[in-house]
$ cat work.txt   # compact mmCIF, N, CA and C atoms
# COMPACT_ATOMS: atom_id res chain seq x y z
N MET A 24 -25.87 29.61 -31.47
CA MET A 24 -27.02 30.36 -31.00
C MET A 24 -26.80 30.73 -29.54
N HIS A 25 -27.30 31.91 -29.21
CA HIS A 25 -27.22 32.43 -27.85
C HIS A 25 -28.61 32.95 -27.49
N ILE A 26 -29.01 32.78 -26.24
CA ILE A 26 -30.28 33.34 -25.78
C ILE A 26 -29.98 34.51 -24.88
N TRP A 27 -30.62 35.65 -25.15
CA TRP A 27 -30.46 36.87 -24.38
C TRP A 27 -31.79 37.18 -23.71
N VAL A 28 -31.76 37.59 -22.45
CA VAL A 28 -32.98 37.89 -21.72
C VAL A 28 -32.95 39.32 -21.24
N ASP A 29 -33.98 40.07 -21.59
CA ASP A 29 -34.22 41.40 -21.04
C ASP A 29 -34.79 41.13 -19.64
N ALA A 30 -33.90 41.06 -18.65
CA ALA A 30 -34.23 40.43 -17.38
C ALA A 30 -34.89 41.32 -16.34
N ASP A 31 -34.88 42.63 -16.51
CA ASP A 31 -35.44 43.49 -15.46
C ASP A 31 -36.89 43.16 -15.13
N ALA A 32 -37.70 42.91 -16.13
CA ALA A 32 -39.12 42.66 -15.89
C ALA A 32 -39.54 41.24 -16.27
N CYS A 33 -38.59 40.38 -16.51
CA CYS A 33 -38.90 39.00 -16.93
C CYS A 33 -39.42 38.21 -15.73
N PRO A 34 -40.56 37.55 -15.87
CA PRO A 34 -41.10 36.76 -14.76
C PRO A 34 -40.12 35.66 -14.32
N ILE A 35 -40.08 35.42 -13.02
CA ILE A 35 -39.18 34.40 -12.46
C ILE A 35 -39.45 33.04 -13.08
N VAL A 36 -40.72 32.72 -13.30
CA VAL A 36 -41.07 31.41 -13.86
C VAL A 36 -40.46 31.24 -15.26
N VAL A 37 -40.38 32.31 -16.03
CA VAL A 37 -39.77 32.25 -17.37
C VAL A 37 -38.27 32.00 -17.23
N LYS A 38 -37.64 32.69 -16.29
CA LYS A 38 -36.21 32.46 -16.06
C LYS A 38 -35.96 31.01 -15.67
N ASP A 39 -36.80 30.46 -14.80
CA ASP A 39 -36.64 29.06 -14.38
C ASP A 39 -36.77 28.10 -15.57
N ILE A 40 -37.72 28.35 -16.45
CA ILE A 40 -37.87 27.52 -17.65
C ILE A 40 -36.61 27.60 -18.50
N LEU A 41 -36.11 28.81 -18.67
CA LEU A 41 -34.90 29.01 -19.47
C LEU A 41 -33.69 28.32 -18.83
N PHE A 42 -33.54 28.44 -17.51
CA PHE A 42 -32.40 27.82 -16.83
C PHE A 42 -32.38 26.31 -17.07
N ARG A 43 -33.53 25.68 -16.94
CA ARG A 43 -33.60 24.24 -17.14
C ARG A 43 -33.30 23.86 -18.60
N ALA A 44 -33.85 24.63 -19.52
CA ALA A 44 -33.67 24.31 -20.94
C ALA A 44 -32.22 24.47 -21.37
N VAL A 45 -31.57 25.55 -20.99
CA VAL A 45 -30.20 25.76 -21.46
C VAL A 45 -29.22 24.79 -20.82
N ASP A 46 -29.45 24.42 -19.58
CA ASP A 46 -28.58 23.42 -18.96
C ASP A 46 -28.75 22.06 -19.65
N ARG A 47 -29.98 21.71 -19.96
CA ARG A 47 -30.25 20.43 -20.62
C ARG A 47 -29.66 20.38 -22.03
N LEU A 48 -29.78 21.51 -22.75
CA LEU A 48 -29.38 21.54 -24.16
C LEU A 48 -28.00 22.15 -24.39
N LYS A 49 -27.39 22.68 -23.32
CA LYS A 49 -26.05 23.28 -23.41
C LYS A 49 -26.02 24.48 -24.35
N VAL A 50 -26.97 25.39 -24.16
CA VAL A 50 -27.08 26.61 -24.95
C VAL A 50 -26.70 27.79 -24.06
N PRO A 51 -25.86 28.71 -24.53
CA PRO A 51 -25.51 29.85 -23.70
C PRO A 51 -26.69 30.81 -23.51
N LEU A 52 -26.83 31.29 -22.28
CA LEU A 52 -27.91 32.19 -21.89
C LEU A 52 -27.32 33.35 -21.11
N THR A 53 -27.69 34.57 -21.48
CA THR A 53 -27.25 35.75 -20.75
C THR A 53 -28.45 36.58 -20.36
N LEU A 54 -28.57 36.86 -19.06
CA LEU A 54 -29.60 37.76 -18.55
C LEU A 54 -28.98 39.14 -18.41
N VAL A 55 -29.66 40.15 -18.94
CA VAL A 55 -29.14 41.51 -18.92
C VAL A 55 -30.12 42.39 -18.16
N ALA A 56 -29.59 43.12 -17.17
CA ALA A 56 -30.45 43.97 -16.34
C ALA A 56 -29.61 45.10 -15.74
N ASN A 57 -30.30 46.12 -15.24
CA ASN A 57 -29.56 47.20 -14.58
C ASN A 57 -29.50 46.99 -13.07
N GLN A 58 -29.85 45.79 -12.64
CA GLN A 58 -29.69 45.38 -11.25
C GLN A 58 -29.09 43.98 -11.25
N HIS A 59 -28.57 43.58 -10.11
CA HIS A 59 -27.97 42.25 -10.02
C HIS A 59 -29.07 41.19 -10.12
N ILE A 60 -28.87 40.21 -10.98
CA ILE A 60 -29.80 39.09 -11.15
C ILE A 60 -29.05 37.83 -10.73
N ARG A 61 -29.59 37.12 -9.75
CA ARG A 61 -28.97 35.86 -9.32
C ARG A 61 -29.30 34.77 -10.33
N VAL A 62 -28.29 34.01 -10.65
CA VAL A 62 -28.47 32.89 -11.58
C VAL A 62 -27.86 31.64 -10.97
N PRO A 63 -28.35 30.48 -11.36
CA PRO A 63 -27.77 29.25 -10.84
C PRO A 63 -26.36 29.04 -11.38
N ALA A 64 -25.57 28.30 -10.63
CA ALA A 64 -24.23 27.97 -11.09
C ALA A 64 -24.35 27.05 -12.31
N SER A 65 -23.83 27.51 -13.42
CA SER A 65 -23.90 26.76 -14.67
C SER A 65 -22.88 27.34 -15.64
N PRO A 66 -22.22 26.49 -16.39
CA PRO A 66 -21.29 27.02 -17.40
C PRO A 66 -22.03 27.69 -18.57
N TYR A 67 -23.35 27.55 -18.63
CA TYR A 67 -24.11 28.08 -19.75
C TYR A 67 -24.89 29.35 -19.43
N ILE A 68 -24.93 29.71 -18.14
CA ILE A 68 -25.77 30.83 -17.71
C ILE A 68 -24.91 31.92 -17.09
N ARG A 69 -25.15 33.17 -17.55
CA ARG A 69 -24.48 34.29 -16.91
C ARG A 69 -25.42 35.48 -16.82
N SER A 70 -25.07 36.38 -15.95
CA SER A 70 -25.86 37.58 -15.73
C SER A 70 -24.95 38.79 -15.93
N ILE A 71 -25.43 39.77 -16.67
CA ILE A 71 -24.69 41.01 -16.92
C ILE A 71 -25.48 42.15 -16.29
N GLN A 72 -24.82 42.93 -15.46
CA GLN A 72 -25.45 44.12 -14.89
C GLN A 72 -24.92 45.33 -15.65
N VAL A 73 -25.82 46.05 -16.29
CA VAL A 73 -25.45 47.26 -17.02
C VAL A 73 -25.79 48.47 -16.15
N PRO A 74 -25.21 49.63 -16.45
CA PRO A 74 -25.54 50.83 -15.66
C PRO A 74 -27.03 51.17 -15.76
N ALA A 75 -27.53 51.81 -14.71
CA ALA A 75 -28.93 52.26 -14.73
C ALA A 75 -29.09 53.32 -15.81
N GLY A 76 -30.28 53.39 -16.37
CA GLY A 76 -30.56 54.40 -17.38
C GLY A 76 -31.56 53.88 -18.38
N PHE A 77 -32.19 54.82 -19.05
CA PHE A 77 -33.23 54.50 -20.01
C PHE A 77 -32.66 53.69 -21.17
N ASP A 78 -33.18 52.49 -21.38
CA ASP A 78 -32.83 51.61 -22.50
C ASP A 78 -31.38 51.14 -22.52
N VAL A 79 -30.65 51.27 -21.40
CA VAL A 79 -29.26 50.81 -21.39
C VAL A 79 -29.19 49.30 -21.61
N ALA A 80 -30.01 48.54 -20.90
CA ALA A 80 -30.01 47.08 -21.08
C ALA A 80 -30.46 46.71 -22.49
N ASP A 81 -31.49 47.38 -22.98
CA ASP A 81 -31.99 47.11 -24.33
C ASP A 81 -30.90 47.36 -25.37
N ASN A 82 -30.23 48.49 -25.26
CA ASN A 82 -29.17 48.83 -26.22
C ASN A 82 -28.02 47.83 -26.15
N TRP A 83 -27.70 47.37 -24.96
CA TRP A 83 -26.63 46.38 -24.80
C TRP A 83 -27.01 45.09 -25.53
N ILE A 84 -28.25 44.66 -25.35
CA ILE A 84 -28.70 43.44 -26.02
C ILE A 84 -28.66 43.61 -27.53
N VAL A 85 -29.13 44.74 -28.04
CA VAL A 85 -29.11 45.00 -29.49
C VAL A 85 -27.68 44.92 -30.02
N GLN A 86 -26.73 45.46 -29.27
CA GLN A 86 -25.33 45.44 -29.72
C GLN A 86 -24.72 44.04 -29.69
N GLN A 87 -25.14 43.21 -28.75
CA GLN A 87 -24.53 41.89 -28.57
C GLN A 87 -25.19 40.78 -29.38
N ALA A 88 -26.49 40.83 -29.54
CA ALA A 88 -27.21 39.75 -30.21
C ALA A 88 -26.84 39.68 -31.68
N GLN A 89 -26.67 38.46 -32.16
CA GLN A 89 -26.29 38.24 -33.55
C GLN A 89 -27.38 37.47 -34.28
N ARG A 90 -27.36 37.59 -35.60
CA ARG A 90 -28.34 36.89 -36.44
C ARG A 90 -28.47 35.44 -35.99
N GLY A 91 -29.73 35.00 -35.80
CA GLY A 91 -29.99 33.63 -35.39
C GLY A 91 -30.11 33.44 -33.89
N ASP A 92 -29.71 34.44 -33.10
CA ASP A 92 -29.87 34.36 -31.64
C ASP A 92 -31.34 34.55 -31.29
N LEU A 93 -31.67 34.32 -30.02
CA LEU A 93 -33.03 34.49 -29.52
C LEU A 93 -33.00 35.49 -28.37
N VAL A 94 -33.89 36.47 -28.43
CA VAL A 94 -34.05 37.45 -27.35
C VAL A 94 -35.42 37.24 -26.71
N ILE A 95 -35.43 37.16 -25.37
CA ILE A 95 -36.67 37.05 -24.62
C ILE A 95 -36.97 38.43 -24.05
N THR A 96 -38.08 39.02 -24.49
CA THR A 96 -38.44 40.36 -24.03
C THR A 96 -39.91 40.64 -24.25
N ALA A 97 -40.46 41.48 -23.37
CA ALA A 97 -41.81 42.00 -23.57
C ALA A 97 -41.74 43.42 -24.12
N ASP A 98 -40.54 43.94 -24.28
CA ASP A 98 -40.31 45.31 -24.74
C ASP A 98 -40.39 45.35 -26.27
N ILE A 99 -41.44 45.96 -26.78
CA ILE A 99 -41.67 45.94 -28.23
C ILE A 99 -40.61 46.73 -29.00
N PRO A 100 -40.17 47.91 -28.54
CA PRO A 100 -39.08 48.58 -29.28
C PRO A 100 -37.79 47.74 -29.32
N LEU A 101 -37.47 47.07 -28.23
CA LEU A 101 -36.30 46.17 -28.25
C LEU A 101 -36.53 45.04 -29.25
N ALA A 102 -37.70 44.44 -29.21
CA ALA A 102 -38.02 43.36 -30.15
C ALA A 102 -37.89 43.85 -31.59
N ALA A 103 -38.39 45.04 -31.87
CA ALA A 103 -38.29 45.59 -33.22
C ALA A 103 -36.83 45.75 -33.65
N ALA A 104 -36.02 46.25 -32.75
CA ALA A 104 -34.60 46.46 -33.09
C ALA A 104 -33.89 45.15 -33.39
N VAL A 105 -34.14 44.13 -32.58
CA VAL A 105 -33.42 42.87 -32.83
C VAL A 105 -33.99 42.11 -34.02
N VAL A 106 -35.30 42.13 -34.18
CA VAL A 106 -35.91 41.45 -35.33
C VAL A 106 -35.38 42.05 -36.63
N ASN A 107 -35.22 43.37 -36.65
CA ASN A 107 -34.68 44.03 -37.84
C ASN A 107 -33.23 43.64 -38.12
N ASN A 108 -32.56 43.06 -37.11
CA ASN A 108 -31.17 42.60 -37.27
C ASN A 108 -31.08 41.09 -37.51
N GLY A 109 -32.21 40.43 -37.75
CA GLY A 109 -32.19 39.00 -38.02
C GLY A 109 -32.14 38.13 -36.78
N VAL A 110 -32.51 38.72 -35.64
CA VAL A 110 -32.53 37.99 -34.37
C VAL A 110 -33.98 37.62 -34.09
N TYR A 111 -34.21 36.45 -33.51
CA TYR A 111 -35.55 36.03 -33.13
C TYR A 111 -35.92 36.69 -31.80
N ALA A 112 -37.20 37.01 -31.63
CA ALA A 112 -37.66 37.63 -30.39
C ALA A 112 -38.95 36.95 -29.94
N LEU A 113 -38.97 36.55 -28.67
CA LEU A 113 -40.09 35.85 -28.07
C LEU A 113 -40.46 36.55 -26.78
N ASN A 114 -41.76 36.82 -26.58
CA ASN A 114 -42.12 37.46 -25.32
C ASN A 114 -42.45 36.40 -24.27
N PRO A 115 -42.46 36.79 -23.00
CA PRO A 115 -42.69 35.81 -21.93
C PRO A 115 -44.06 35.14 -21.95
N ARG A 116 -44.96 35.62 -22.78
CA ARG A 116 -46.28 35.01 -22.89
C ARG A 116 -46.35 34.02 -24.07
N GLY A 117 -45.19 33.78 -24.71
CA GLY A 117 -45.12 32.78 -25.76
C GLY A 117 -45.45 33.27 -27.15
N GLU A 118 -45.39 34.58 -27.37
CA GLU A 118 -45.66 35.13 -28.70
C GLU A 118 -44.36 35.58 -29.35
N PHE A 119 -44.14 35.11 -30.58
CA PHE A 119 -42.98 35.56 -31.33
C PHE A 119 -43.28 36.89 -31.99
N TYR A 120 -42.29 37.75 -31.99
CA TYR A 120 -42.32 38.97 -32.79
C TYR A 120 -41.63 38.60 -34.10
N THR A 121 -42.25 38.92 -35.23
CA THR A 121 -41.68 38.56 -36.52
C THR A 121 -41.56 39.80 -37.39
N PRO A 122 -40.79 39.71 -38.48
CA PRO A 122 -40.71 40.86 -39.40
C PRO A 122 -42.09 41.25 -39.93
N GLU A 123 -43.00 40.28 -40.05
CA GLU A 123 -44.33 40.57 -40.57
C GLU A 123 -45.24 41.24 -39.53
N THR A 124 -45.00 41.01 -38.26
CA THR A 124 -45.90 41.53 -37.22
C THR A 124 -45.33 42.68 -36.40
N ILE A 125 -44.03 42.85 -36.41
CA ILE A 125 -43.43 43.81 -35.48
C ILE A 125 -43.81 45.25 -35.79
N GLY A 126 -43.99 45.59 -37.05
CA GLY A 126 -44.37 46.95 -37.40
C GLY A 126 -45.71 47.34 -36.80
N ASN A 127 -46.71 46.45 -36.94
CA ASN A 127 -48.03 46.72 -36.36
C ASN A 127 -47.97 46.75 -34.84
N ARG A 128 -47.20 45.86 -34.23
CA ARG A 128 -47.07 45.84 -32.77
C ARG A 128 -46.45 47.14 -32.27
N LEU A 129 -45.44 47.63 -32.98
CA LEU A 129 -44.77 48.86 -32.58
C LEU A 129 -45.69 50.07 -32.75
N THR A 130 -46.44 50.10 -33.84
CA THR A 130 -47.39 51.18 -34.07
C THR A 130 -48.46 51.20 -32.98
N MET A 131 -49.01 50.03 -32.65
CA MET A 131 -50.03 49.95 -31.60
C MET A 131 -49.46 50.34 -30.24
N ARG A 132 -48.26 49.91 -29.96
CA ARG A 132 -47.60 50.27 -28.69
C ARG A 132 -47.43 51.77 -28.59
N ASN A 133 -46.97 52.40 -29.67
CA ASN A 133 -46.77 53.86 -29.67
C ASN A 133 -48.10 54.60 -29.51
N LEU A 134 -49.14 54.12 -30.18
CA LEU A 134 -50.46 54.73 -30.05
C LEU A 134 -50.97 54.63 -28.61
N MET A 135 -50.84 53.45 -28.03
CA MET A 135 -51.30 53.27 -26.64
C MET A 135 -50.50 54.13 -25.67
N THR A 136 -49.21 54.31 -25.92
CA THR A 136 -48.38 55.18 -25.08
C THR A 136 -48.89 56.62 -25.16
N GLU A 137 -49.20 57.08 -26.36
CA GLU A 137 -49.74 58.44 -26.53
C GLU A 137 -51.08 58.59 -25.81
N LEU A 138 -51.95 57.60 -25.95
CA LEU A 138 -53.26 57.67 -25.29
C LEU A 138 -53.13 57.65 -23.77
N ARG A 139 -52.23 56.82 -23.24
CA ARG A 139 -52.01 56.79 -21.79
C ARG A 139 -51.42 58.11 -21.31
N ASP A 140 -50.44 58.64 -22.05
CA ASP A 140 -49.79 59.90 -21.66
C ASP A 140 -50.76 61.07 -21.66
N SER A 141 -51.77 61.01 -22.54
CA SER A 141 -52.74 62.10 -22.61
C SER A 141 -53.93 61.86 -21.67
N GLY A 142 -53.92 60.73 -20.97
CA GLY A 142 -54.98 60.43 -20.02
C GLY A 142 -56.25 59.88 -20.64
N GLN A 143 -56.20 59.51 -21.90
CA GLN A 143 -57.40 59.01 -22.58
C GLN A 143 -57.69 57.56 -22.28
N VAL A 144 -56.68 56.79 -21.91
CA VAL A 144 -56.87 55.40 -21.51
C VAL A 144 -55.98 55.11 -20.31
N GLN A 145 -56.35 54.08 -19.56
CA GLN A 145 -55.53 53.65 -18.45
C GLN A 145 -54.75 52.42 -18.87
N SER A 146 -53.61 52.25 -18.25
CA SER A 146 -52.76 51.11 -18.55
C SER A 146 -53.26 49.88 -17.82
N PHE A 147 -53.23 48.73 -18.51
CA PHE A 147 -53.62 47.48 -17.89
C PHE A 147 -52.79 46.36 -18.49
N THR A 148 -52.14 45.61 -17.63
CA THR A 148 -51.41 44.43 -18.07
C THR A 148 -51.95 43.25 -17.27
N ALA A 149 -52.44 42.26 -17.97
CA ALA A 149 -52.99 41.08 -17.31
C ALA A 149 -51.90 40.37 -16.52
N ALA A 150 -52.28 39.76 -15.41
CA ALA A 150 -51.34 38.99 -14.61
C ALA A 150 -50.80 37.83 -15.42
N TYR A 151 -49.57 37.45 -15.13
CA TYR A 151 -48.95 36.31 -15.80
C TYR A 151 -49.64 35.04 -15.31
N SER A 152 -50.13 34.25 -16.25
CA SER A 152 -50.96 33.09 -15.87
C SER A 152 -50.27 31.77 -16.20
N ALA A 153 -50.87 30.70 -15.73
CA ALA A 153 -50.40 29.35 -16.06
C ALA A 153 -50.47 29.13 -17.57
N LYS A 154 -51.47 29.68 -18.20
CA LYS A 154 -51.60 29.57 -19.67
C LYS A 154 -50.42 30.26 -20.36
N ASP A 155 -50.01 31.43 -19.84
CA ASP A 155 -48.85 32.14 -20.39
C ASP A 155 -47.59 31.30 -20.23
N LYS A 156 -47.42 30.71 -19.05
CA LYS A 156 -46.25 29.88 -18.76
C LYS A 156 -46.18 28.71 -19.75
N THR A 157 -47.30 28.04 -19.95
CA THR A 157 -47.35 26.90 -20.87
C THR A 157 -47.06 27.34 -22.30
N ALA A 158 -47.65 28.46 -22.71
CA ALA A 158 -47.42 28.97 -24.07
C ALA A 158 -45.95 29.30 -24.28
N PHE A 159 -45.33 29.93 -23.28
CA PHE A 159 -43.91 30.26 -23.40
C PHE A 159 -43.07 28.98 -23.49
N ALA A 160 -43.29 28.06 -22.58
CA ALA A 160 -42.50 26.82 -22.56
C ALA A 160 -42.65 26.06 -23.87
N ASN A 161 -43.85 26.00 -24.40
CA ASN A 161 -44.09 25.28 -25.66
C ASN A 161 -43.39 25.96 -26.83
N GLN A 162 -43.49 27.28 -26.92
CA GLN A 162 -42.84 28.00 -28.02
C GLN A 162 -41.33 27.88 -27.93
N LEU A 163 -40.79 27.99 -26.71
CA LEU A 163 -39.35 27.86 -26.53
C LEU A 163 -38.90 26.47 -26.97
N ASP A 164 -39.62 25.46 -26.56
CA ASP A 164 -39.27 24.09 -26.92
C ASP A 164 -39.30 23.90 -28.44
N ARG A 165 -40.35 24.37 -29.08
CA ARG A 165 -40.45 24.25 -30.55
C ARG A 165 -39.30 24.99 -31.23
N PHE A 166 -39.00 26.19 -30.74
CA PHE A 166 -37.92 26.98 -31.33
C PHE A 166 -36.58 26.26 -31.21
N LEU A 167 -36.27 25.80 -30.00
CA LEU A 167 -34.98 25.14 -29.78
C LEU A 167 -34.88 23.84 -30.56
N THR A 168 -35.96 23.09 -30.65
CA THR A 168 -35.96 21.86 -31.43
C THR A 168 -35.66 22.15 -32.91
N LYS A 169 -36.23 23.23 -33.40
CA LYS A 169 -36.05 23.59 -34.82
C LYS A 169 -34.67 24.19 -35.11
N HIS A 170 -34.13 24.98 -34.18
CA HIS A 170 -32.93 25.76 -34.48
C HIS A 170 -31.62 25.22 -33.93
N LEU A 171 -31.67 24.24 -33.07
CA LEU A 171 -30.41 23.67 -32.57
C LEU A 171 -29.94 22.56 -33.48
N PRO A 172 -28.64 22.44 -33.63
CA PRO A 172 -28.11 21.34 -34.46
C PRO A 172 -28.51 20.00 -33.87
N LYS A 173 -28.78 19.06 -34.70
CA LYS A 173 -29.19 17.72 -34.27
C LYS A 173 -27.99 16.92 -33.79
$ encode --input "work.txt" --output "structure tokens"
Amino acid sequence: MHIWVDADACPIVVKDILFRAVDRLKVPLTLVANQHIRVPASPYIRSIQVPAGFDVADNWIVQQAQRGDLVITADIPLAAAVVNNGVYALNPRGEFYTPETIGNRLTMRNLMTELRDSGQVQSFTAAYSAKDKTAFANQLDRFLTKHLPK
């Protein structure tokens, strides 16, 4: 198993949780972004800088992630692409995207994009909270406990 992070917009606190978990459990982690991302010295953690451009990091993750890997992303189209390939996807707020839910999430995301683009609604994203941090850490822990070899 490998953990991939859509790192451009990933909260620092989520990265810190991931850094501690992968070092403790010896799981490979790759952060992918179109800018340089500093990572701690670890044989399990690396950072990949891809060229700037629309969806370049997302496409790179889709190409690299394999069935059974975990992708951390808030990007619903990226989550849809990897889930359709048998990859697990978890957002930084601790919600898993699943084959059963990703279609509705993608439809709602596309509808909201159309409404925002037409000026019918304004965009709002709640601040990342302590509750989100706890939910993410708990889901990650449950996932790793279930999917790592004993």
$ closest_residue --input "work.txt" --among "A:Ala103, A:Val110, A:Trp27, A:Ser152" --to "Leu129 in chain A" --atoms "all atoms listed in the file"
A:Ala103
$ closest_residue --input "work.txt" --among "A:Ala97, A:Val55, A:Leu163, A:Arg69" --to "Ala30 in chain A" --atoms "all atoms listed in the file"
A:Val55
$ atom_distance --input "work.txt" --atom1 "CA of Arg43 in chain A" --atom2 "CA of Pro74 in chain A"
27.8 Å
$ select_by_dssp --input "work.txt" --residues "chain A" --states "strand (DSSP E or B)" --output "VMD selection string"
chain A and resid 26 to 29 52 to 56 68 to 72 93 to 95 111 to 113 119 to 120
$ closest_atom_pairs --input "work.txt" --of "range 37-98 of chain A" --to "range 104-109 of chain A" --cutoff "10 Å" --atoms "only C-alpha atoms" --output "tab-separated table"
residue	atom	partner	partner_atom	distance
A:Asp81	CA	A:Ala104	CA	9.2
A:Asn82	CA	A:Ala104	CA	9.1
A:Ile84	CA	A:Val105	CA	8.3
A:Val85	CA	A:Val105	CA	5.9
A:Gln86	CA	A:Val105	CA	9.0
A:Gln87	CA	A:Val105	CA	9.9
A:Ala88	CA	A:Val105	CA	7.4
A:Gln89	CA	A:Gly109	CA	7.4
A:Arg90	CA	A:Gly109	CA	4.7
A:Gly91	CA	A:Gly109	CA	6.4
A:Asp92	CA	A:Gly109	CA	8.2
A:Leu93	CA	A:Val105	CA	9.0
A:Val94	CA	A:Val105	CA	7.7
$ closest_residue --input "work.txt" --among "A:Leu52, A:Arg165, A:Gln143, A:Pro34" --to "Pro115 in chain A" --atoms "all atoms listed in the file"
A:Pro34
$ closest_residue --input "work.txt" --among "A:Ile26, A:Pro100, A:Arg116, A:Ile35" --to "Tyr67 in chain A" --atoms "only C-alpha atoms"
A:Ile26
$ closest_residue --input "work.txt" --among "A:Ile60, A:Ala102, A:Pro66, A:Met24" --to "Leu171 in chain A" --atoms "only N, CA and C atoms"
A:Met24
$ atom_distance --input "work.txt" --atom1 "atom C of Lys38 in chain A" --atom2 "atom C of Glu123 in chain A"
27.6 Å
$ closest_residue --input "work.txt" --among "A:Lys49, A:Ile99, A:Thr168, A:Ile68" --to "Ile125 in chain A" --atoms "only N, CA and C atoms"
A:Ile99
$ atom_distance --input "work.txt" --atom1 "atom N of Gly126 in chain A" --atom2 "atom C of Leu113 in chain A"
14.1 Å
$ select_by_dssp --input "work.txt" --residues "range 24-168 of chain A" --states "alpha helix (DSSP H)" --output "VMD selection string"
chain A and resid 35 to 48 79 to 87 99 to 106 125 to 140 153 to 168
$ decode --input "work.txt" --residues "range 91-97 of chain A" --atoms "all heavy atoms" --output "tab-separated table (two decimals), in the first residue's frame"
chain	number	residue	atom	x	y	z
A	91	GLY	N	-5.89	-0.53	-4.12
A	91	GLY	CA	-5.55	-0.74	-2.72
A	91	GLY	C	-4.78	0.40	-2.08
A	91	GLY	O	-4.64	0.44	-0.87
A	92	ASP	N	-4.26	1.34	-2.89
A	92	ASP	CA	-3.58	2.51	-2.34
A	92	ASP	C	-4.61	3.46	-1.74
A	92	ASP	O	-5.82	3.29	-1.94
A	92	ASP	CB	-2.80	3.26	-3.43
A	92	ASP	CG	-1.51	2.56	-3.85
A	92	ASP	OD1	-1.13	1.55	-3.23
A	92	ASP	OD2	-0.90	3.03	-4.83
A	93	LEU	N	-4.13	4.49	-1.05
A	93	LEU	CA	-4.99	5.50	-0.45
A	93	LEU	C	-4.57	6.86	-0.99
A	93	LEU	O	-3.40	7.20	-0.98
A	93	LEU	CB	-4.85	5.48	1.07
A	93	LEU	CG	-5.58	6.57	1.85
A	93	LEU	CD1	-7.10	6.48	1.66
A	93	LEU	CD2	-5.22	6.51	3.33
A	94	VAL	N	-5.55	7.64	-1.45
A	94	VAL	CA	-5.31	9.01	-1.90
A	94	VAL	C	-6.02	9.96	-0.94
A	94	VAL	O	-7.19	9.76	-0.61
A	94	VAL	CB	-5.83	9.23	-3.35
A	94	VAL	CG1	-5.78	10.70	-3.73
A	94	VAL	CG2	-5.01	8.40	-4.33
A	95	ILE	N	-5.27	10.98	-0.49
A	95	ILE	CA	-5.84	12.02	0.36
A	95	ILE	C	-6.09	13.23	-0.52
A	95	ILE	O	-5.15	13.80	-1.09
A	95	ILE	CB	-4.86	12.40	1.51
A	95	ILE	CG1	-4.36	11.16	2.27
A	95	ILE	CG2	-5.51	13.44	2.42
A	95	ILE	CD1	-5.42	10.34	2.94
A	96	THR	N	-7.36	13.61	-0.66
A	96	THR	CA	-7.72	14.74	-1.51
A	96	THR	C	-9.08	15.29	-1.16
A	96	THR	O	-9.97	14.55	-0.74
A	96	THR	CB	-7.69	14.36	-3.01
A	96	THR	OG1	-7.92	15.52	-3.80
A	96	THR	CG2	-8.74	13.30	-3.34
A	97	ALA	N	-9.24	16.59	-1.38
A	97	ALA	CA	-10.56	17.21	-1.29
A	97	ALA	C	-11.13	17.42	-2.68
A	97	ALA	O	-12.25	17.91	-2.83
A	97	ALA	CB	-10.45	18.56	-0.56
